[in-house]
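**Student:** Before I ask anything, here is the structure I am working with.
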Amino acid sequence: MHSASKPFTSCGLHRTVFTTSYVPANVCERTSQSRHKRDVRPTVFSTVFTVSFTIFLLTFFSGLTIAAQILDLERVTELALKNAYDVKISGIDINISQAMKKRAYSLYYPTLNLRWNSEYAKDMSGGTSQVTVVGDTIIGDNTRYQNSLSLAASWNLFDFGSTGRKVLIAKKDVDVKKTIFIQQVRDIKIKVLNLYTELLIVYKELEAKKELLPLYRELSLAKERMYSAGTISRIDVVDEALKTVKTLDAIDMLRLRLKGLLQDLSFYTGDDYDENSLWIEEFEEHEEDYTNDFDAEKSPEFKIYSLEIEKKRAELDILKREQLPQLGLYSRYVWYGQNPDNYDASVKDVRERNFYVGISATMPIFEGFKKSSEMQKATLEMDRLKIEKQKKLAELTNKHAKLNETRRMYVKGIETRKDMLTKVETKLTMTGRLTEQKVVDLIDLLNRKIELINQRFELTKAINTRVSAIKELQILSEEIN
């Protein structure tokens, strides 16, 4: 066994290592394990890469799914109109009123009735009595099976226009229901617009608060360092920490409010919304201003009350005309058969017996003051409708005036806020340069950033509120056909 020595340097130390042809078993095992590790290393890397890439894809596509939930006013309004219960009910009411109109037109046509009678009459007097008539009752004189078939027709010839007034009421009721449908569509548009506006403002305020939170935290840390240096009091540090806590509380309250508003919106649209994966589109700022062309007499409310007054006036006319004579035509064709002993024979004996035709006139003389009380009631109801009409028009005019005043106020305020925002941005830029030059401390820079975020939110809020007011004014000013 031969051995030799040569110098070996490791970790800065000079050592003498003896080499020999004898290799211990544990050295071979370590060598084999080392080779195995070198062989396995690419496989481990491939596995880690595959897992990482899979996680990345899942995160990426889930991010796309989250970002896909975008709200805009046009789409939300479209869904709300399709899903609105009041609009659906109003559409059914139109169909009901059209069915009632067909029923009213049926009064112009004659009525036909077919009637079959089959009976057994037994004489209890032993054949000694005669045919007797008492009022509308006919008492026979013998025992028999008898059957009759009658075809009766009646037709209202003249009623001084009562039927025409009934048809007019039915036609006006169809117009009322159609106008109510238009009113329901308009009201849904306004409700969704107001809800969307509130939702948008809360969403933007929540974004602003989230943006302010790290600034308040950084400002609080800066105050802590100043307190440690002995330049400020502990009260200033606590005040700054309270701002951070209040911002966190405001974020929680805004999230809760946002969730509630999304639930309200879901009631109208039928869709589900997740406040954590939502993007709400802002209104497009209107460059042109609103032109005041509102006319309350072109509103659905005006037309509805006008039609209801016309219906009530027609109802009053009907009550007056029902006190006049009514002429009618009647006719009856009768088949008759009888047999004293056998029912089947009486049926086979049925043959033509009588034909009647005549004209009738009916006029009420006294009904216990029923008509006079009904006419008084209809007159008072018509007077009430006139007052309600005036009230509703006054409410619409007042609502329009308030919205128009809100629009004017925000038109003036937006220009002021834009000017303030420009000045704050300029001041922030100057403060940033001075901070870099160590002329102004970090606290002033953070305060300028906080002020900029607040001013930016107030401007966004003012613009969206103004655009919302203009949109509502435009909806209220829509004329009906």
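Residue numbering restarts at 1 in every chain; chains get A, B, ... in the order shown in the structure tokens, and ligands count up from 1 in that same order.
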When you look at segment 109-122 of chain A with a cut-off of 10 Å (counting only C-alpha atoms), what residues show up, excluding the ones that are within fewer than 3 positions of it in the same chain? I need them as a PDB file with N, CA and C atoms, in the first residue's frame.

**Tutor:**
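New file out.pdb:
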ATOM      1  N   TYR A 105    -117.531  45.815 -25.533  1.00  0.00           N
ATOM      2  CA  TYR A 105    -118.048  45.808 -26.907  1.00  0.00           C
ATOM      3  C   TYR A 105    -119.120  44.733 -27.097  1.00  0.00           C
ATOM      4  N   SER A 106    -119.085  43.688 -26.261  1.00  0.00           N
ATOM      5  CA  SER A 106    -120.073  42.621 -26.414  1.00  0.00           C
ATOM      6  C   SER A 106    -121.491  43.102 -26.112  1.00  0.00           C
ATOM      7  N   SER A 125    -155.284  16.285  -7.642  1.00  0.00           N
ATOM      8  CA  SER A 125    -156.719  16.507  -7.429  1.00  0.00           C
ATOM      9  C   SER A 125    -157.578  15.396  -8.023  1.00  0.00           C
ATOM     10  N   GLY A 126    -156.963  14.408  -8.636  1.00  0.00           N
ATOM     11  CA  GLY A 126    -157.743  13.306  -9.221  1.00  0.00           C
ATOM     12  C   GLY A 126    -158.431  13.679 -10.512  1.00  0.00           C
ATOM     13  N   ILE A 139    -150.264  26.204 -13.048  1.00  0.00           N
ATOM     14  CA  ILE A 139    -150.598  24.950 -12.375  1.00  0.00           C
ATOM     15  C   ILE A 139    -151.372  24.066 -13.354  1.00  0.00           C
ATOM     16  N   GLY A 140    -150.782  22.904 -13.672  1.00  0.00           N
ATOM     17  CA  GLY A 140    -151.411  22.021 -14.647  1.00  0.00           C
ATOM     18  C   GLY A 140    -152.647  21.313 -14.112  1.00  0.00           C
ATOM     19  N   ASP A 141    -153.342  20.580 -15.048  1.00  0.00           N
ATOM     20  CA  ASP A 141    -154.601  19.932 -14.695  1.00  0.00           C
ATOM     21  C   ASP A 141    -154.552  18.413 -14.786  1.00  0.00           C
ATOM     22  N   ASN A 142    -153.385  17.817 -15.138  1.00  0.00           N
ATOM     23  CA  ASN A 142    -153.306  16.367 -15.231  1.00  0.00           C
ATOM     24  C   ASN A 142    -151.883  15.898 -14.999  1.00  0.00           C
ATOM     25  N   THR A 143    -151.708  14.568 -14.958  1.00  0.00           N
ATOM     26  CA  THR A 143    -150.396  13.946 -14.726  1.00  0.00           C
ATOM     27  C   THR A 143    -149.764  13.594 -16.060  1.00  0.00           C
ATOM     28  N   ARG A 144    -148.409  13.943 -16.212  1.00  0.00           N
ATOM     29  CA  ARG A 144    -147.742  13.656 -17.492  1.00  0.00           C
ATOM     30  C   ARG A 144    -146.240  13.861 -17.353  1.00  0.00           C
ATOM     31  N   TYR A 145    -145.510  13.258 -18.321  1.00  0.00           N
ATOM     32  CA  TYR A 145    -144.101  13.566 -18.562  1.00  0.00           C
ATOM     33  C   TYR A 145    -144.067  14.622 -19.654  1.00  0.00           C
ATOM     34  N   GLN A 146    -143.250  15.672 -19.455  1.00  0.00           N
ATOM     35  CA  GLN A 146    -143.182  16.727 -20.464  1.00  0.00           C
ATOM     36  C   GLN A 146    -141.759  17.261 -20.590  1.00  0.00           C
ATOM     37  N   ASN A 147    -141.433  17.661 -21.820  1.00  0.00           N
ATOM     38  CA  ASN A 147    -140.098  18.162 -22.166  1.00  0.00           C
ATOM     39  C   ASN A 147    -140.235  19.367 -23.073  1.00  0.00           C
ATOM     40  N   SER A 148    -139.297  20.305 -22.913  1.00  0.00           N
ATOM     41  CA  SER A 148    -139.314  21.499 -23.775  1.00  0.00           C
ATOM     42  C   SER A 148    -137.891  21.928 -24.104  1.00  0.00           C
ATOM     43  N   LEU A 149    -137.744  22.447 -25.298  1.00  0.00           N
ATOM     44  CA  LEU A 149    -136.480  23.022 -25.761  1.00  0.00           C
ATOM     45  C   LEU A 149    -136.778  24.409 -26.277  1.00  0.00           C
ATOM     46  N   SER A 150    -136.082  25.411 -25.736  1.00  0.00           N
ATOM     47  CA  SER A 150    -136.365  26.792 -26.140  1.00  0.00           C
ATOM     48  C   SER A 150    -135.084  27.497 -26.553  1.00  0.00           C
ATOM     49  N   LEU A 151    -135.181  28.294 -27.586  1.00  0.00           N
ATOM     50  CA  LEU A 151    -134.078  29.134 -28.062  1.00  0.00           C
ATOM     51  C   LEU A 151    -134.519  30.578 -27.901  1.00  0.00           C
ATOM     52  N   ALA A 152    -133.838  31.303 -26.998  1.00  0.00           N
ATOM     53  CA  ALA A 152    -134.230  32.675 -26.673  1.00  0.00           C
ATOM     54  C   ALA A 152    -133.149  33.648 -27.139  1.00  0.00           C
ATOM     55  N   ALA A 153    -133.595  34.789 -27.641  1.00  0.00           N
ATOM     56  CA  ALA A 153    -132.686  35.847 -28.094  1.00  0.00           C
ATOM     57  C   ALA A 153    -133.161  37.173 -27.517  1.00  0.00           C
ATOM     58  N   SER A 154    -132.190  38.023 -27.163  1.00  0.00           N
ATOM     59  CA  SER A 154    -132.518  39.369 -26.672  1.00  0.00           C
ATOM     60  C   SER A 154    -131.474  40.345 -27.179  1.00  0.00           C
ATOM     61  N   TRP A 155    -131.910  41.585 -27.384  1.00  0.00           N
ATOM     62  CA  TRP A 155    -131.023  42.598 -27.974  1.00  0.00           C
ATOM     63  C   TRP A 155    -131.421  43.961 -27.438  1.00  0.00           C
ATOM     64  N   ASN A 156    -130.428  44.686 -26.950  1.00  0.00           N
ATOM     65  CA  ASN A 156    -130.661  46.033 -26.444  1.00  0.00           C
ATOM     66  C   ASN A 156    -130.717  46.996 -27.625  1.00  0.00           C
ATOM     67  N   LEU A 157    -131.899  47.521 -27.880  1.00  0.00           N
ATOM     68  CA  LEU A 157    -132.077  48.390 -29.044  1.00  0.00           C
ATOM     69  C   LEU A 157    -131.636  49.822 -28.779  1.00  0.00           C
ATOM     70  N   GLY A 328    -135.795  47.145 -25.724  1.00  0.00           N
ATOM     71  CA  GLY A 328    -135.131  45.899 -26.067  1.00  0.00           C
ATOM     72  C   GLY A 328    -135.999  45.025 -26.950  1.00  0.00           C
ATOM     73  N   LEU A 329    -135.385  44.179 -27.730  1.00  0.00           N
ATOM     74  CA  LEU A 329    -136.065  43.214 -28.591  1.00  0.00           C
ATOM     75  C   LEU A 329    -135.831  41.822 -28.037  1.00  0.00           C
ATOM     76  N   TYR A 330    -136.899  41.021 -27.974  1.00  0.00           N
ATOM     77  CA  TYR A 330    -136.744  39.663 -27.461  1.00  0.00           C
ATOM     78  C   TYR A 330    -137.475  38.701 -28.391  1.00  0.00           C
ATOM     79  N   SER A 331    -137.049  37.452 -28.397  1.00  0.00           N
ATOM     80  CA  SER A 331    -137.656  36.427 -29.245  1.00  0.00           C
ATOM     81  C   SER A 331    -137.405  35.065 -28.617  1.00  0.00           C
ATOM     82  N   ARG A 332    -138.360  34.099 -28.861  1.00  0.00           N
ATOM     83  CA  ARG A 332    -138.198  32.749 -28.323  1.00  0.00           C
ATOM     84  C   ARG A 332    -138.867  31.751 -29.275  1.00  0.00           C
ATOM     85  N   TYR A 333    -138.174  30.666 -29.502  1.00  0.00           N
ATOM     86  CA  TYR A 333    -138.690  29.566 -30.326  1.00  0.00           C
ATOM     87  C   TYR A 333    -138.714  28.335 -29.432  1.00  0.00           C
ATOM     88  N   VAL A 334    -139.924  27.651 -29.347  1.00  0.00           N
ATOM     89  CA  VAL A 334    -140.133  26.599 -28.362  1.00  0.00           C
ATOM     90  C   VAL A 334    -140.524  25.290 -29.050  1.00  0.00           C
ATOM     91  N   TRP A 335    -139.872  24.200 -28.597  1.00  0.00           N
ATOM     92  CA  TRP A 335    -140.250  22.834 -28.963  1.00  0.00           C
ATOM     93  C   TRP A 335    -140.792  22.154 -27.702  1.00  0.00           C
ATOM     94  N   TYR A 336    -141.918  21.383 -27.893  1.00  0.00           N
ATOM     95  CA  TYR A 336    -142.559  20.808 -26.708  1.00  0.00           C
ATOM     96  C   TYR A 336    -143.059  19.400 -27.022  1.00  0.00           C
ATOM     97  N   GLY A 337    -142.971  18.521 -26.011  1.00  0.00           N
ATOM     98  CA  GLY A 337    -143.503  17.173 -26.150  1.00  0.00           C
ATOM     99  C   GLY A 337    -143.924  16.631 -24.801  1.00  0.00           C
ATOM    100  N   GLN A 338    -145.021  15.757 -24.767  1.00  0.00           N
ATOM    101  CA  GLN A 338    -145.490  15.216 -23.492  1.00  0.00           C
ATOM    102  C   GLN A 338    -146.141  13.859 -23.730  1.00  0.00           C
ATOM    103  N   ASN A 339    -146.200  13.065 -22.620  1.00  0.00           N
ATOM    104  CA  ASN A 339    -146.864  11.774 -22.637  1.00  0.00           C
ATOM    105  C   ASN A 339    -147.296  11.480 -21.206  1.00  0.00           C
ATOM    106  N   PRO A 340    -148.504  11.011 -21.023  1.00  0.00           N
ATOM    107  CA  PRO A 340    -148.972  10.797 -19.650  1.00  0.00           C
ATOM    108  C   PRO A 340    -148.380   9.566 -18.971  1.00  0.00           C
ATOM    109  N   TYR A 343    -141.799   8.217 -20.295  1.00  0.00           N
ATOM    110  CA  TYR A 343    -140.850   9.343 -20.483  1.00  0.00           C
ATOM    111  C   TYR A 343    -140.250   9.317 -21.892  1.00  0.00           C
ATOM    112  N   SER A 346    -142.439  10.747 -24.343  1.00  0.00           N
ATOM    113  CA  SER A 346    -142.559  12.213 -24.250  1.00  0.00           C
ATOM    114  C   SER A 346    -141.394  12.903 -24.954  1.00  0.00           C
ATOM    115  N   VAL A 347    -140.214  12.269 -24.895  1.00  0.00           N
ATOM    116  CA  VAL A 347    -139.069  12.835 -25.602  1.00  0.00           C
ATOM    117  C   VAL A 347    -139.267  12.751 -27.110  1.00  0.00           C
TER     118      VAL A 347
END

**Student:** Write out as JSON, numbers by chain which residues come within 10 Å of Ile365 of chain A when counting only C-alpha atoms, dropping same-chain ones fewer than 3 positions away.

**Tutor:** {"A": [323, 324, 325, 362, 368]}

**Student:** Take the residues just selected and output them with all heavy atoms as a CSV table (one decimal), in the first residue's frame.

**Tutor:**
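Writing the result to selection_6.csv gives the following:
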chain,number,residue,atom,x,y,z
A,323,GLN,N,-131.8,56.2,-15.7
A,323,GLN,CA,-133.1,56.6,-15.2
A,323,GLN,C,-134.1,56.8,-16.4
A,323,GLN,O,-135.3,57.0,-16.1
A,323,GLN,CB,-132.9,57.9,-14.4
A,323,GLN,CG,-132.2,57.7,-13.1
A,323,GLN,CD,-132.1,58.9,-12.3
A,323,GLN,OE1,-131.8,60.0,-12.8
A,323,GLN,NE2,-132.4,58.8,-11.0
A,324,LEU,N,-133.6,56.7,-17.6
A,324,LEU,CA,-134.5,56.9,-18.8
A,324,LEU,C,-134.9,55.5,-19.3
A,324,LEU,O,-134.3,54.5,-18.9
A,324,LEU,CB,-133.7,57.6,-19.9
A,324,LEU,CG,-133.2,59.0,-19.5
A,324,LEU,CD1,-132.3,59.6,-20.6
A,324,LEU,CD2,-134.4,59.9,-19.2
A,325,PRO,N,-136.0,55.4,-20.1
A,325,PRO,CA,-136.5,54.2,-20.6
A,325,PRO,C,-135.4,53.4,-21.5
A,325,PRO,O,-134.6,54.1,-22.2
A,325,PRO,CB,-137.7,54.5,-21.4
A,325,PRO,CG,-138.1,55.9,-21.0
A,325,PRO,CD,-136.8,56.6,-20.5
A,362,THR,N,-138.3,49.3,-20.5
A,362,THR,CA,-138.1,49.3,-19.1
A,362,THR,C,-137.7,50.7,-18.6
A,362,THR,O,-136.8,51.3,-19.2
A,362,THR,CB,-137.1,48.2,-18.7
A,362,THR,OG1,-137.4,47.0,-19.3
A,362,THR,CG2,-136.9,48.1,-17.2
A,368,GLY,N,-135.4,53.6,-4.1
A,368,GLY,CA,-135.0,53.9,-2.8
A,368,GLY,C,-133.8,54.9,-2.7
A,368,GLY,O,-132.9,54.7,-1.9

**Student:** Hey, which of A:Asp271, A:Leu254, A:Leu380, A:Leu307 ends up closest to Ala208 of chain A? Count only C-alpha atoms.

**Tutor:**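 Between A:Asp271, A:Leu254, A:Leu380, A:Leu307, the residue approaching Ala208 of chain A most closely is A:Leu254.
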
**Student:** Give the helix (DSSP H, G or I) residues of segment 79-195 of chain A, as DSSP finds them on the backbone, and put them as a ChimeraX atom specification.

**Tutor:** /A:79-83,85-108,162-195

**Student:** From the options A:Leu319, A:Leu195, A:Leu403, A:Leu396, which residue's atoms come nearest to Lys371 of chain A, counting only C-alpha atoms?

**Tutor:**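 Among the listed residues, A:Leu319 lies closest to Lys371 of chain A.
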
**Student:** Of the candidates A:Ala401, A:Leu199, A:Val237, A:Leu327, which shows the shortest atom-to-atom distance to Met363 of chain A, using only C-alpha atoms?

**Tutor:**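 Looking at the shortest contact to Met363 of chain A, the residue is A:Leu327.
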
**Student:** Which segment 95-134 of chain A residues have any atom within 7 Å of an atom of segment 158-175 of chain A, and for each, what is the nearest pair of atoms with distance in Å to one decimal, counting only C-alpha atoms, rows sorted by chain and number, as CSV?

**Tutor:**
residue,atom,partner,partner_atom,distance
A:Ser97,CA,A:Val174,CA,5.2
A:Gln98,CA,A:Val174,CA,6.0
A:Met100,CA,A:Ala170,CA,6.4
A:Lys101,CA,A:Ala170,CA,4.8
A:Ala104,CA,A:Val167,CA,5.1
A:Tyr105,CA,A:Val167,CA,6.1
A:Leu107,CA,A:Thr163,CA,6.7

**Student:** Write the residues of the selection above to a file with C-alpha atoms, as a tab-separated table (two decimals), in the first residue's frame.

**Tutor:**
chain	number	residue	atom	x	y	z
A	97	SER	CA	-107.92	46.03	-19.53
A	98	GLN	CA	-107.94	44.98	-23.18
A	100	MET	CA	-112.42	44.13	-20.39
A	101	LYS	CA	-112.72	46.34	-23.47
A	104	ALA	CA	-117.72	46.11	-23.11
A	105	TYR	CA	-118.05	45.81	-26.91
A	107	LEU	CA	-122.96	44.77	-25.13

**Student:** Can you pull out every residue from segment 291-334 of chain A that DSSP, working from the backbone, puts in strand (DSSP E or B), and format the result as number ranges by chain?

**Tutor:** A: 326-334

**Student:** In Å to one decimal, how far is atom CA of Val202 of chain A from atom CA of Leu79 of chain A?

**Tutor:** 21.6 Å

**Student:** Which residue out of A:Gln455, A:Gln183, A:Asn95, A:Asn83 has the minimum interatomic distance to Ile480 of chain A when only C-alpha atoms are used?

**Tutor:**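 Under the stated criterion, the closest residue is A:Gln183.
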
**Student:** Find the residues near Gly270 of chain A: any atom within 8 Å, counting only C-alpha atoms, skip ones fewer than 2 places away on the same chain, and give them as an MDAnalysis selection string.

**Tutor:** chainID A and resid 79:80 83 266:268 272
